[in-house]
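J.: Pasting in a structure now, in structure tokens, and then I'll have a few things to ask.
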Amino acid sequence: MPADTKTIDELLRISDAILQAICSQDAETLSLYLTDDFVLLSGDVRQGREAFLEGVGAAQFTALEAAFESIQVEPLGTTAVVAGVQRVDVEQGSEVLMSRASFTDVFVRD
């Protein structure tokens with residue numbers, strides 16, 4: 001059965017809001033999207049919600065532009081997986097750098 005376009009559009013909107021909140025270091029807005037049991041897994045790093053939010057607020061960069069190079073949404077009942085590649089152009093000191101990273105987010109509707 002094809003996925004509900006309304007659900008996919010909502011997840012794309014939420015994913016963009018999360019990316020923009022991270023890039024603008026807006027931990028308050030970001031906290032609206034993260035549950036108490038949120039966990040970031042990245043390589044050997046495992047961060048809970050509060051540590052992640054603190055890190056976002058304390059980041060030492062200025063995001064110039066943020067976008068998804070690719071993104072796919074796979075709704076699975078009350079759960080959905082959103083995966084893709086995000087690109088962020090950042091200014092750190094006198095350097096402008098491009099960060100490109102793959103991501104996988106798991107959403108659960110409650």
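Chain labels run A, B, ... following the order of the structure tokens; each chain numbers its residues from 1, and ligands are numbered from 1 in the order shown.
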Running DSSP on the backbone, which parts of chain A land in strand (DSSP E), as number ranges by chain?
T.: A: 39-42, 45-48, 62-76, 79-92, 95-108
J.: Could you pull out the alpha helix (DSSP H) residues of region 42-90 of chain A, going by DSSP on the backbone, and write them as number ranges by chain?
T.: A: 49-58
J.: With all heavy atoms retained, could you export that selection as a PDB file, in the first residue's frame?
T.:
```
ATOM      1  N   ARG A  49      19.343  12.970  25.429  1.00  0.00           N
ATOM      2  CA  ARG A  49      18.661  14.205  25.033  1.00  0.00           C
ATOM      3  C   ARG A  49      19.333  15.456  25.583  1.00  0.00           C
ATOM      4  O   ARG A  49      19.628  16.393  24.842  1.00  0.00           O
ATOM      5  CB  ARG A  49      17.204  14.126  25.505  1.00  0.00           C
ATOM      6  CG  ARG A  49      16.354  15.321  25.138  1.00  0.00           C
ATOM      7  CD  ARG A  49      14.928  15.119  25.667  1.00  0.00           C
ATOM      8  NE  ARG A  49      14.005  16.074  25.133  1.00  0.00           N
ATOM      9  CZ  ARG A  49      13.764  17.262  25.675  1.00  0.00           C
ATOM     10  NH1 ARG A  49      14.387  17.634  26.772  1.00  0.00           N
ATOM     11  NH2 ARG A  49      12.899  18.084  25.111  1.00  0.00           N
ATOM     12  N   GLU A  50      19.553  15.510  26.892  1.00  0.00           N
ATOM     13  CA  GLU A  50      20.094  16.734  27.508  1.00  0.00           C
ATOM     14  C   GLU A  50      21.499  17.047  27.015  1.00  0.00           C
ATOM     15  O   GLU A  50      21.825  18.196  26.721  1.00  0.00           O
ATOM     16  CB  GLU A  50      20.046  16.635  29.035  1.00  0.00           C
ATOM     17  CG  GLU A  50      18.627  16.617  29.601  1.00  0.00           C
ATOM     18  CD  GLU A  50      17.738  17.733  29.064  1.00  0.00           C
ATOM     19  OE1 GLU A  50      18.172  18.906  29.039  1.00  0.00           O
ATOM     20  OE2 GLU A  50      16.599  17.431  28.646  1.00  0.00           O
ATOM     21  N   ALA A  51      22.351  16.033  26.909  1.00  0.00           N
ATOM     22  CA  ALA A  51      23.717  16.256  26.418  1.00  0.00           C
ATOM     23  C   ALA A  51      23.689  16.739  24.971  1.00  0.00           C
ATOM     24  O   ALA A  51      24.457  17.630  24.586  1.00  0.00           O
ATOM     25  CB  ALA A  51      24.539  14.977  26.534  1.00  0.00           C
ATOM     26  N   PHE A  52      22.805  16.175  24.169  1.00  0.00           N
ATOM     27  CA  PHE A  52      22.690  16.593  22.775  1.00  0.00           C
ATOM     28  C   PHE A  52      22.244  18.049  22.688  1.00  0.00           C
ATOM     29  O   PHE A  52      22.827  18.847  21.952  1.00  0.00           O
ATOM     30  CB  PHE A  52      21.718  15.675  22.028  1.00  0.00           C
ATOM     31  CG  PHE A  52      21.518  16.055  20.593  1.00  0.00           C
ATOM     32  CD1 PHE A  52      22.549  15.911  19.669  1.00  0.00           C
ATOM     33  CD2 PHE A  52      20.306  16.561  20.158  1.00  0.00           C
ATOM     34  CE1 PHE A  52      22.369  16.265  18.334  1.00  0.00           C
ATOM     35  CE2 PHE A  52      20.111  16.905  18.831  1.00  0.00           C
ATOM     36  CZ  PHE A  52      21.136  16.765  17.917  1.00  0.00           C
ATOM     37  N   LEU A  53      21.212  18.415  23.446  1.00  0.00           N
ATOM     38  CA  LEU A  53      20.715  19.794  23.427  1.00  0.00           C
ATOM     39  C   LEU A  53      21.776  20.775  23.912  1.00  0.00           C
ATOM     40  O   LEU A  53      21.934  21.862  23.341  1.00  0.00           O
ATOM     41  CB  LEU A  53      19.439  19.920  24.267  1.00  0.00           C
ATOM     42  CG  LEU A  53      18.208  19.223  23.684  1.00  0.00           C
ATOM     43  CD1 LEU A  53      17.069  19.225  24.693  1.00  0.00           C
ATOM     44  CD2 LEU A  53      17.791  19.867  22.369  1.00  0.00           C
ATOM     45  N   GLU A  54      22.516  20.405  24.947  1.00  0.00           N
ATOM     46  CA  GLU A  54      23.607  21.270  25.436  1.00  0.00           C
ATOM     47  C   GLU A  54      24.671  21.452  24.359  1.00  0.00           C
ATOM     48  O   GLU A  54      25.177  22.555  24.152  1.00  0.00           O
ATOM     49  CB  GLU A  54      24.231  20.676  26.696  1.00  0.00           C
ATOM     50  CG  GLU A  54      23.370  20.824  27.929  1.00  0.00           C
ATOM     51  CD  GLU A  54      23.953  20.104  29.139  1.00  0.00           C
ATOM     52  OE1 GLU A  54      25.176  19.829  29.158  1.00  0.00           O
ATOM     53  OE2 GLU A  54      23.176  19.809  30.066  1.00  0.00           O
ATOM     54  N   GLY A  55      25.016  20.376  23.672  1.00  0.00           N
ATOM     55  CA  GLY A  55      26.010  20.443  22.601  1.00  0.00           C
ATOM     56  C   GLY A  55      25.567  21.332  21.457  1.00  0.00           C
ATOM     57  O   GLY A  55      26.361  22.092  20.901  1.00  0.00           O
ATOM     58  N   VAL A  56      24.296  21.251  21.096  1.00  0.00           N
ATOM     59  CA  VAL A  56      23.761  22.095  20.027  1.00  0.00           C
ATOM     60  C   VAL A  56      23.866  23.570  20.435  1.00  0.00           C
ATOM     61  O   VAL A  56      24.305  24.408  19.653  1.00  0.00           O
ATOM     62  CB  VAL A  56      22.301  21.716  19.698  1.00  0.00           C
ATOM     63  CG1 VAL A  56      21.621  22.789  18.863  1.00  0.00           C
ATOM     64  CG2 VAL A  56      22.252  20.379  18.984  1.00  0.00           C
ATOM     65  N   GLY A  57      23.497  23.871  21.661  1.00  0.00           N
ATOM     66  CA  GLY A  57      23.543  25.254  22.137  1.00  0.00           C
ATOM     67  C   GLY A  57      24.947  25.808  22.266  1.00  0.00           C
ATOM     68  O   GLY A  57      25.166  27.015  22.163  1.00  0.00           O
ATOM     69  N   ALA A  58      25.929  24.944  22.465  1.00  0.00           N
ATOM     70  CA  ALA A  58      27.312  25.382  22.697  1.00  0.00           C
ATOM     71  C   ALA A  58      28.198  25.272  21.453  1.00  0.00           C
ATOM     72  O   ALA A  58      29.380  25.566  21.517  1.00  0.00           O
ATOM     73  CB  ALA A  58      27.918  24.553  23.824  1.00  0.00           C
TER      74      ALA A  58
END
```
J.: Would you kindly return, as a PyMOL selection string, each protein, DNA or RNA residue with an atom no farther than 12 Å from any atom of region 14-25 of chain A, considering only C-alpha atoms and excluding same-chain residues fewer than 6 positions away?
T.: chain A and resi 7-8+31-34+52-73+80-91+99+101+103-107
J.: Quick check, in Å to one decimal: how far apart do CA of Asp26 (chain A) and CA of Asp110 (chain A) lie?
T.: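 Computed distance, CA of Asp26 (chain A) to CA of Asp110 (chain A), equals 23.8 Å.
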J.: Work out how far apart CA of Thr35 (chain A) and CA of Gly48 (chain A) are and give it in Å to one decimal.
T.: 10.1 Å
J.: Quick one, how far is CA of Asp9 (chain A) from CA of Leu30 (chain A)?
T.: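 CA of Leu30 (chain A) lies 18.7 Å from CA of Asp9 (chain A).
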J.: Check the smallest atom-to-atom distance from each of A:Val45, A:Val108, A:Leu97, A:Leu12 to Leu76 (chain A) using only C-alpha atoms, then report the winner.
T.: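 Using only C-alpha atoms, Leu76 (chain A) sits closest to A:Val108.
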J.: Which residue out of A:Arg13, A:Arg100, A:Thr29, A:Arg109 has the minimum interatomic distance to Pro75 (chain A) when only C-alpha atoms are used?
T.: A:Arg109
